[in-house]
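Asker: Just dropping this structure here.
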Amino acid sequence: MSDPLADLKRRAYARPDDDGVAAAAQAELARLAEEQKRAAPDASALPPARLPAVASVPRRATLLLAGASLATALIASGVALAPHPSLEIFAAPQSGVPAWPGAAAGDDDIRWLGSRGSWDVFALRTAGGNVCVTAFVAGASGGGSCTSLIAFERNGLVLETSSGAGPVASYLTVTWGPFGGAQLDDARR
């Protein structure tokens with residue numbers, strides 16, 4: 001069984017095989033609509049129009065989506081706050097930092113790690129594959145410490161040095177790597 005009104009709409013609005021068939025079907029639809037208006041002139045007599053049903057999202061799905069969103073936010077902030085590898089300092093040149101007072105460095109990469117009191121601390125990556133930390137006090141070398149790249153990536157590097165003697169001695173301990181920035185302390189370990 002077919003619905004005559006649906007068949008009429010199909011002929012009126014589908015791609016016509018014959019323009020005359022479509023025009024006749026559209027005219028018939030207009031005539032039927034006019035008859036319906038005359039039969040029920042009062043719009044309140046017609047049943048109220050029903051809005052199409054909208055599927056609601058179950059509460060469980062909403063809670064799962066909220067939980068997944070929260071987990072994603074926590075992971076993203078954890079990644080942002082995770083310590084970065086110490087050797088990333090060599091990835092880009094530095095500007096606006098103290099100059100290294102050491103001798104000509106050749107092909108060595110040199111980066112400033114920080115200052116503590118009168119101490120300036122620098123990191124070097126040598127062409128031979130070593131990582132070094134060196135400290136200067138008032139432009140004079142206060143010593144240094146080096147290790148292989150592999151050892152640095154496992155354990156980092158510690159430099160303990162001092163300048164002067166007796167009650168005017170100045171101490172410096174540098175702990176650096178494998179993650180984060182250098183820690184500079186002016187007390188003995």
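Following the order of the structure tokens, chains are lettered A, B, ..., residues in each are numbered from 1, and ligands are numbered from 1.
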Which range 126-147 of chain A residues have any atom within 8 Å of an atom of range 151-163 of chain A, and for each, what is the nearest pair of atoms with distance in Å to one decimal, counting only C-alpha atoms, rows sorted by chain and number, as JSON lines?
Answerer:
{"residue": "A:Val131", "atom": "CA", "partner": "A:Phe152", "partner_atom": "CA", "distance": 7.1}
{"residue": "A:Cys132", "atom": "CA", "partner": "A:Leu157", "partner_atom": "CA", "distance": 7.9}
{"residue": "A:Val133", "atom": "CA", "partner": "A:Leu159", "partner_atom": "CA", "distance": 7.0}
{"residue": "A:Thr134", "atom": "CA", "partner": "A:Leu159", "partner_atom": "CA", "distance": 7.8}
{"residue": "A:Val137", "atom": "CA", "partner": "A:Ser163", "partner_atom": "CA", "distance": 7.5}
{"residue": "A:Gly142", "atom": "CA", "partner": "A:Thr161", "partner_atom": "CA", "distance": 6.4}
{"residue": "A:Gly143", "atom": "CA", "partner": "A:Thr161", "partner_atom": "CA", "distance": 6.4}
{"residue": "A:Gly144", "atom": "CA", "partner": "A:Leu159", "partner_atom": "CA", "distance": 6.5}
{"residue": "A:Ser145", "atom": "CA", "partner": "A:Leu159", "partner_atom": "CA", "distance": 5.7}
{"residue": "A:Cys146", "atom": "CA", "partner": "A:Leu157", "partner_atom": "CA", "distance": 7.5}
{"residue": "A:Thr147", "atom": "CA", "partner": "A:Phe152", "partner_atom": "CA", "distance": 6.3}
Asker: Rank A:Ala92, A:Ala61, A:Ala99, A:Leu184 by their smallest atom-to-atom distance to Gly114 in chain A, using only C-alpha atoms, and report the top residue only.
Answerer: A:Leu184
